[in-house]
>>> print(open('input.txt').read())   # compact mmCIF, C-alpha atoms
# COMPACT_ATOMS: atom_id res chain seq x y z
CA MET I 1 -4.46 -47.17 -3.01
CA GLN I 2 -7.36 -49.62 -2.61
CA ASN I 3 -10.04 -48.85 0.03
CA LEU I 4 -8.48 -45.44 0.51
CA GLU I 5 -11.09 -44.12 2.94
CA PHE I 6 -10.77 -47.16 5.22
CA LYS I 7 -6.97 -47.06 5.14
CA ILE I 8 -6.78 -43.39 6.08
CA LEU I 9 -9.38 -43.77 8.83
CA ALA I 10 -7.50 -46.79 10.23
CA TYR I 11 -4.28 -44.76 10.04
CA LEU I 12 -5.81 -41.90 12.04
CA LYS I 13 -7.15 -44.37 14.61
CA ASP I 14 -3.68 -45.96 14.90
CA GLU I 15 -4.99 -49.37 13.85
CA LEU I 16 -2.43 -50.12 11.09
CA ASP I 17 0.82 -52.00 11.43
CA ALA I 18 4.12 -50.33 10.53
CA LYS I 19 4.07 -51.53 6.92
CA GLU I 20 0.53 -50.33 6.28
CA ARG I 21 1.24 -46.96 7.95
CA LEU I 22 4.24 -46.51 5.67
CA LEU I 23 2.09 -47.17 2.59
CA VAL I 24 -0.36 -44.44 3.64
CA GLU I 25 2.48 -42.00 4.33
CA GLN I 26 4.07 -42.76 0.96
CA TRP I 27 0.73 -42.16 -0.77
CA VAL I 28 0.33 -38.80 1.01
CA ALA I 29 3.85 -37.77 -0.08
CA LEU I 30 3.17 -38.52 -3.75
CA SER I 31 1.44 -35.23 -4.53
CA PRO I 32 0.07 -31.99 -3.03
CA ALA I 33 -3.43 -33.22 -3.98
CA ASN I 34 -2.95 -36.32 -1.81
CA GLU I 35 -1.69 -34.18 1.08
CA LYS I 36 -4.76 -31.95 0.78
CA THR I 37 -7.12 -34.93 0.75
CA PHE I 38 -5.46 -36.44 3.82
CA ALA I 39 -5.60 -33.09 5.66
CA GLU I 40 -9.31 -32.69 4.92
CA ILE I 41 -10.09 -36.20 6.13
CA GLU I 42 -8.01 -35.60 9.25
CA LYS I 43 -10.01 -32.45 10.01
CA ILE I 44 -13.29 -34.32 9.81
CA TYR I 45 -12.00 -37.17 11.96
CA LEU I 46 -10.55 -34.89 14.64
CA SER I 47 -13.67 -32.75 14.79
CA ALA I 48 -15.53 -35.91 15.80
CA ALA I 49 -12.84 -37.23 18.14
CA TYR I 50 -12.64 -33.99 20.10
CA ASP I 51 -16.29 -33.01 20.32
CA SER I 52 -16.86 -32.34 24.02
CA THR I 53 -20.21 -30.54 24.07
CA GLY I 54 -22.01 -33.46 25.67
CA PHE I 55 -24.11 -33.94 22.52
CA GLN I 56 -25.90 -37.31 22.55
CA PRO I 57 -26.82 -38.02 18.93
CA ASN I 58 -29.49 -40.21 17.46
CA VAL I 59 -27.08 -42.24 15.34
CA ASP I 60 -29.80 -43.67 13.08
CA LYS I 61 -31.16 -40.21 12.35
CA ALA I 62 -27.63 -38.86 11.85
CA TRP I 63 -26.85 -41.65 9.41
CA ALA I 64 -30.03 -40.88 7.45
CA LYS I 65 -28.84 -37.30 7.01
CA VAL I 66 -25.39 -38.45 5.97
CA ALA I 67 -26.76 -41.01 3.53
CA LEU I 68 -28.96 -38.36 1.93
CA ALA I 69 -25.97 -36.03 1.59
CA ILE I 70 -23.96 -38.79 -0.05
CA GLU I 71 -26.77 -39.56 -2.49
CA GLN I 72 -27.07 -35.89 -3.42
CA SER I 73 -23.30 -35.56 -3.84
CA LYS I 74 -22.80 -38.43 -6.28
CA THR I 75 -22.63 -36.05 -9.22
CA SER I 76 -20.41 -33.53 -7.47
CA SER I 77 -16.71 -33.28 -6.65
CA PHE I 78 -17.49 -33.79 -2.96
CA THR I 79 -18.54 -37.43 -3.18
CA PHE I 80 -15.34 -38.75 -1.64
CA MET I 81 -15.39 -36.35 1.30
CA TYR I 82 -19.06 -37.06 2.08
CA ARG I 83 -18.35 -40.79 2.09
CA MET I 84 -15.47 -40.18 4.48
CA ALA I 85 -17.63 -38.02 6.74
CA ALA I 86 -20.28 -40.73 6.79
CA MET I 87 -17.80 -43.39 7.85
CA ILE I 88 -16.42 -41.21 10.63
CA ALA I 89 -19.90 -40.22 11.80
CA LEU I 90 -20.82 -43.85 12.28
CA VAL I 91 -17.52 -44.85 13.90
CA ALA I 92 -17.45 -41.89 16.28
CA GLY I 93 -21.18 -42.01 17.03
CA LEU I 94 -21.27 -38.22 17.07
CA GLY I 95 -23.55 -37.40 14.17
CA PHE I 96 -22.86 -35.26 11.13
CA LEU I 97 -20.10 -32.88 12.21
CA VAL I 98 -18.58 -31.50 9.01
CA LEU I 99 -20.39 -28.15 9.09
CA LYS I 100 -19.83 -27.86 12.84
CA TYR I 101 -16.10 -28.16 12.33
CA GLN I 102 -16.02 -25.49 9.65
CA ASN I 103 -17.46 -22.97 12.13
CA SER I 104 -15.17 -23.96 15.00
CA ASP I 105 -12.08 -22.08 16.12
CA GLU I 106 -10.59 -25.33 17.49
CA LEU I 107 -7.21 -26.42 16.15
CA VAL I 108 -5.52 -29.79 16.53
CA ALA I 109 -1.78 -30.47 16.27
CA MET I 110 -0.61 -34.06 15.84
CA THR I 111 2.80 -35.72 15.60
CA GLY I 112 3.93 -38.96 13.97
CA ASP I 113 6.94 -41.23 14.39
CA LYS I 114 10.05 -39.43 15.66
CA GLU I 115 8.37 -36.06 15.13
CA VAL I 116 8.55 -33.17 17.59
CA ARG I 117 6.56 -29.98 16.92
CA LYS I 118 6.85 -26.53 18.43
CA ILE I 119 3.51 -24.72 18.80
CA GLU I 120 3.15 -21.08 19.82
CA LEU I 121 -0.22 -20.20 21.30
CA THR I 122 -1.80 -16.75 21.03
CA ASP I 123 -1.25 -15.99 24.75
CA GLY I 124 2.52 -16.42 24.37
CA THR I 125 2.67 -19.98 25.70
CA VAL I 126 5.06 -22.29 23.84
CA VAL I 127 4.41 -26.04 23.60
CA TRP I 128 6.77 -28.73 22.34
CA LEU I 129 4.73 -31.77 21.31
CA ASN I 130 6.43 -35.19 21.48
CA GLU I 131 5.87 -37.95 18.92
CA HIS I 132 2.50 -39.74 18.74
CA SER I 133 0.75 -36.91 20.59
CA LYS I 134 -2.23 -34.58 20.04
CA LEU I 135 -2.77 -31.06 21.32
CA THR I 136 -6.19 -29.43 20.93
CA TYR I 137 -6.40 -25.66 21.41
CA SER I 138 -8.28 -22.54 20.29
CA LYS I 139 -7.18 -20.00 17.73
CA MET I 140 -7.86 -17.32 20.33
CA MET I 141 -7.77 -17.83 24.09
CA ALA I 142 -10.87 -16.96 26.14
CA ASP I 143 -11.02 -13.71 28.12
CA ASN I 144 -11.17 -15.43 31.51
CA GLU I 145 -9.41 -18.76 30.98
CA ARG I 146 -6.83 -20.46 28.82
CA MET I 147 -7.55 -24.10 28.05
CA VAL I 148 -6.05 -26.87 25.92
CA SER I 149 -6.28 -30.67 25.91
CA LEU I 150 -3.44 -33.18 25.54
CA ASP I 151 -3.26 -36.82 24.58
CA GLY I 152 0.38 -37.89 24.72
CA GLN I 153 3.42 -35.94 25.91
CA ALA I 154 4.40 -32.29 25.73
CA TYR I 155 6.61 -29.71 27.37
CA PHE I 156 4.83 -26.47 28.29
CA ASP I 157 6.40 -23.06 28.84
CA VAL I 158 3.29 -21.21 29.96
CA ALA I 159 3.15 -17.42 29.64
CA LYS I 160 2.37 -15.70 32.94
CA ASP I 161 -1.13 -14.28 33.30
CA ALA I 162 -2.45 -14.07 36.86
CA ALA I 163 -5.94 -13.15 35.63
CA ARG I 164 -6.31 -16.18 33.38
CA PRO I 165 -5.26 -19.61 34.65
CA PHE I 166 -3.92 -22.05 32.07
CA ARG I 167 -5.58 -25.49 32.16
CA ILE I 168 -4.59 -28.70 30.39
CA LEU I 169 -7.33 -31.30 30.20
CA GLY I 170 -6.37 -34.95 29.94
CA GLU I 171 -8.41 -38.11 29.82
CA LYS I 172 -8.41 -38.41 33.62
CA THR I 173 -6.40 -35.47 34.98
CA THR I 174 -6.29 -31.68 34.83
CA VAL I 175 -3.22 -29.48 35.21
CA GLU I 176 -3.71 -25.83 36.18
CA VAL I 177 -1.03 -23.11 36.30
CA LEU I 178 -0.64 -19.35 36.01
CA GLY I 179 2.82 -19.27 34.48
CA THR I 180 5.39 -22.03 34.72
CA SER I 181 7.23 -24.73 32.76
CA PHE I 182 6.87 -28.49 33.03
CA ASP I 183 6.87 -31.79 31.18
CA LEU I 184 3.50 -33.57 31.02
CA ILE I 185 2.49 -37.07 29.95
CA SER I 186 -1.29 -37.31 29.69
CA LYS I 187 -2.85 -40.62 28.63
CA ALA I 188 -6.01 -42.59 29.39
CA ASN I 189 -4.60 -44.70 32.23
CA TYR I 190 -1.40 -42.86 33.11
CA ALA I 191 -0.21 -39.30 33.60
CA ASN I 192 2.99 -37.76 34.94
CA VAL I 193 4.14 -34.19 35.47
CA ASN I 194 7.71 -32.94 36.10
CA VAL I 195 7.95 -29.28 37.12
CA THR I 196 10.96 -27.23 36.04
CA SER I 197 9.72 -23.81 37.24
CA GLY I 198 6.81 -22.24 39.12
CA LEU I 199 3.84 -24.01 40.73
CA VAL I 200 1.56 -26.63 39.17
CA SER I 201 -1.78 -27.99 40.41
CA PHE I 202 -2.30 -31.61 39.33
CA ALA I 203 -5.79 -33.03 39.99
CA LEU I 204 -8.31 -35.65 38.95
CA THR I 205 -10.67 -34.16 36.37
CA ASP I 206 -13.82 -35.58 37.98
CA ASN I 207 -12.73 -35.07 41.60
CA ASN I 208 -10.79 -31.88 42.25
CA GLU I 209 -10.36 -32.84 45.91
CA ILE I 210 -7.77 -35.40 44.84
CA LYS I 211 -4.88 -33.18 43.82
CA VAL I 212 -1.32 -32.15 44.62
CA VAL I 213 0.45 -28.83 44.25
CA LEU I 214 3.95 -29.16 42.84
CA GLU I 215 6.84 -26.71 42.81
CA LYS I 216 10.09 -26.66 40.87
CA GLY I 217 11.90 -29.98 41.20
CA ASN I 218 8.74 -31.98 42.06
CA GLN I 219 6.90 -34.64 40.09
CA ALA I 220 3.67 -36.57 40.48
CA THR I 221 2.02 -39.55 38.80
CA TYR I 222 -1.58 -40.53 38.10
CA LYS I 223 -2.29 -44.27 38.03
CA SER I 224 -5.12 -46.54 39.23
CA ASN I 225 -7.42 -43.56 39.76
CA THR I 226 -5.18 -41.81 42.25
CA ILE I 227 -2.37 -39.23 42.26
CA ILE I 228 0.94 -39.84 43.99
CA LYS I 229 3.57 -37.20 44.64
CA ASN I 230 6.94 -38.79 43.91
CA GLU I 231 10.19 -38.17 45.70
CA GLY I 232 12.86 -36.56 43.58
CA PHE I 233 12.72 -35.24 40.02
CA ASP I 234 13.25 -36.98 36.70
CA VAL I 235 16.02 -34.92 35.12
CA ASN I 236 15.63 -36.85 31.87
CA ALA I 237 11.87 -36.42 31.53
CA SER I 238 12.34 -33.92 28.72
CA ALA I 239 15.30 -35.59 27.02
CA TRP I 240 13.05 -36.24 24.00
CA MET I 241 13.03 -32.45 23.48
CA THR I 242 16.46 -31.34 24.70
CA GLN I 243 18.38 -34.41 23.43
CA ASP I 244 20.41 -34.16 26.65
CA PHE I 245 20.80 -36.87 29.31
CA VAL I 246 22.08 -36.45 32.87
CA PHE I 247 22.94 -39.38 35.14
CA LYS I 248 24.14 -38.93 38.72
CA SER I 249 25.17 -42.13 40.50
CA SER I 250 22.48 -43.94 38.50
CA PRO I 251 22.56 -47.76 38.32
CA LEU I 252 23.40 -48.92 34.80
CA SER I 253 20.05 -50.75 34.70
CA GLN I 254 18.23 -47.41 35.05
CA VAL I 255 20.48 -45.76 32.48
CA VAL I 256 19.68 -48.37 29.83
CA ASP I 257 15.95 -48.12 30.60
CA VAL I 258 16.08 -44.42 29.75
CA LEU I 259 18.16 -45.01 26.62
CA SER I 260 15.98 -47.91 25.47
CA GLU I 261 12.81 -45.84 25.61
CA HIS I 262 14.34 -42.77 23.99
CA PHE I 263 16.11 -44.52 21.11
CA ASP I 264 13.49 -47.28 20.65
CA VAL I 265 15.92 -50.17 21.19
CA LYS I 266 16.16 -53.16 23.54
CA ILE I 267 19.24 -53.13 25.76
CA LYS I 268 20.07 -56.19 27.84
CA VAL I 269 22.54 -55.81 30.71
CA ASP I 270 24.50 -58.66 32.28
CA ASP I 271 23.75 -59.14 36.00
CA ALA I 272 27.40 -58.48 36.89
CA ILE I 273 27.16 -54.84 35.78
CA ARG I 274 23.48 -53.96 36.38
CA ASN I 275 24.26 -52.04 39.57
CA CYS I 276 27.35 -50.20 38.32
CA LEU I 277 26.83 -46.52 39.14
CA ILE I 278 27.02 -44.08 36.23
CA THR I 279 27.71 -40.36 36.61
CA SER I 280 27.87 -38.59 33.27
CA SER I 281 26.01 -36.19 31.00
CA PHE I 282 25.44 -36.46 27.28
CA GLU I 283 24.51 -33.38 25.29
CA ASP I 284 23.03 -33.95 21.83
CA LYS I 285 24.75 -37.33 21.42
CA ASN I 286 23.49 -40.24 19.37
CA LEU I 287 23.17 -43.74 20.81
CA ASP I 288 26.49 -45.00 19.43
CA GLN I 289 28.34 -42.08 20.99
CA ILE I 290 26.69 -42.70 24.35
CA LEU I 291 27.43 -46.44 24.27
CA ASN I 292 31.08 -45.80 23.35
CA THR I 293 31.39 -43.44 26.32
CA LEU I 294 29.79 -45.99 28.66
CA ASP I 295 32.26 -48.60 27.41
CA ILE I 296 35.11 -46.40 28.59
CA ILE I 297 33.80 -45.05 31.90
CA ALA I 298 32.24 -48.33 33.10
CA ASN I 299 34.72 -50.80 31.60
CA ILE I 300 32.04 -52.60 29.61
CA LYS I 301 31.49 -53.75 26.04
CA HIS I 302 28.42 -53.46 23.88
CA GLU I 303 27.26 -55.61 20.99
CA LYS I 304 24.58 -54.48 18.54
CA LYS I 305 22.32 -56.64 16.40
CA GLY I 306 19.67 -54.44 14.81
CA LYS I 307 17.64 -52.93 17.64
CA ALA I 308 18.99 -55.44 20.16
CA ILE I 309 22.00 -54.41 22.25
CA ARG I 310 23.83 -56.36 24.93
CA LEU I 311 26.15 -54.86 27.55
CA THR I 312 28.76 -57.07 29.18
CA GLY I 313 31.64 -56.54 31.58
CA PRO I 314 33.66 -57.95 34.47
CA GLY I 315 31.67 -56.11 37.15
CA CYS I 316 32.16 -53.00 39.26
>>> encode(input="input.txt", output="structure tokens")
Amino acid sequence: MQNLEFKILAYLKDELDAKERLLVEQWVALSPANEKTFAEIEKIYLSAAYDSTGFQPNVDKAWAKVALAIEQSKTSSFTFMYRMAAMIALVAGLGFLVLKYQNSDELVAMTGDKEVRKIELTDGTVVWLNEHSKLTYSKMMADNERMVSLDGQAYFDVAKDAARPFRILGEKTTVEVLGTSFDLISKANYANVNVTSGLVSFALTDNNEIKVVLEKGNQATYKSNTIIKNEGFDVNASAWMTQDFVFKSSPLSQVVDVLSEHFDVKIKVDDAIRNCLITSSFEDKNLDQILNTLDIIANIKHEKKGKAIRLTGPGC
């Protein structure tokens, strides 16, 4: 693969289109050696991306150190990895972090397209990580506090420990619990939490006075630098994990919104049937099975053309 370092770095930064991402993934799958190279580069990149010590580097000085290391490594087997570290050091602006990472107990779990990962933490907490998400955590939890960070979406089943609160740091929000279960979306400009058991504190990271306390059946959303407690509970918030959908007197327009997001399709609904109320549950069903059931219970028809689907019918 030409310009390998640049391609892999662009892949990790999510700057490639679908075709280019596929080429990188195919290259990685070609051999165990390629997998190892990709994993090593990913470690270096993530060590930079998740450095949170407040270190303010002198980038010019850092680059001088990196350049010297590259020059010294030209006759060794580490030339490629030093070049990669240099690129990442400049892009991240965090200095030369390779040795720092090797001494860290920080771990990072990432997911790709249509990938869900189950992660068991040392305190007994279980995390299901949705696609396109990152979870950063320690090999061993601290004596007085349990802390992870999330970029994306995950479902947490937190082990109870009254002496050590469990905190999830996001870009703008912080979730704190003692032992509970909930679905959390944590992104730069949006966050949402749906609580399925226990109590959850949901606050702004830089202003703990702006927060809500949620119990089972509650949800809240962060947007535009504020937190809003929402009425009701999104029963399908964790459908990505359970593969189950529940609709209770839900307008068909809302049903297709949920299905469109989950199955990555575009569903258009005729105005005559948009407000038809749907009450049904689907356990571990694929999209075709769900659409066939909707055809029957709502007296509609569906037409598929690739990822585009149209629902039509005489009305309700």
>>> atom_distance(input="input.txt", atom1="CA of Phe233 in chain I", atom2="CA of Leu291 in chain I")
24.3 Å
>>> axis_aligned_box(input="input.txt", around="range 11-16 of chain I", padding_each_side="5 Å", output="JSON")
{"center_x": -4.8, "center_y": -46.0, "center_z": 12.5, "size_x": 14.7, "size_y": 18.2, "size_z": 14.9}
>>> residues_around(input="input.txt", residues="Phe156 in chain I", least_positions_apart="2", cutoff="8 Å", atoms="all atoms listed in the file", output="ChimeraX atom specification")
/I:125-128,154,158,180-184
>>> atom_distance(input="input.txt", atom1="CA of Leu204 in chain I", atom2="CA of Ser186 in chain I")
11.7 Å
>>> closest_residue(input="input.txt", among="I:Pro32, I:Pro165, I:Gly232, I:Pro314", to="Val200 in chain I", atoms="all atoms listed in the file")
I:Pro165
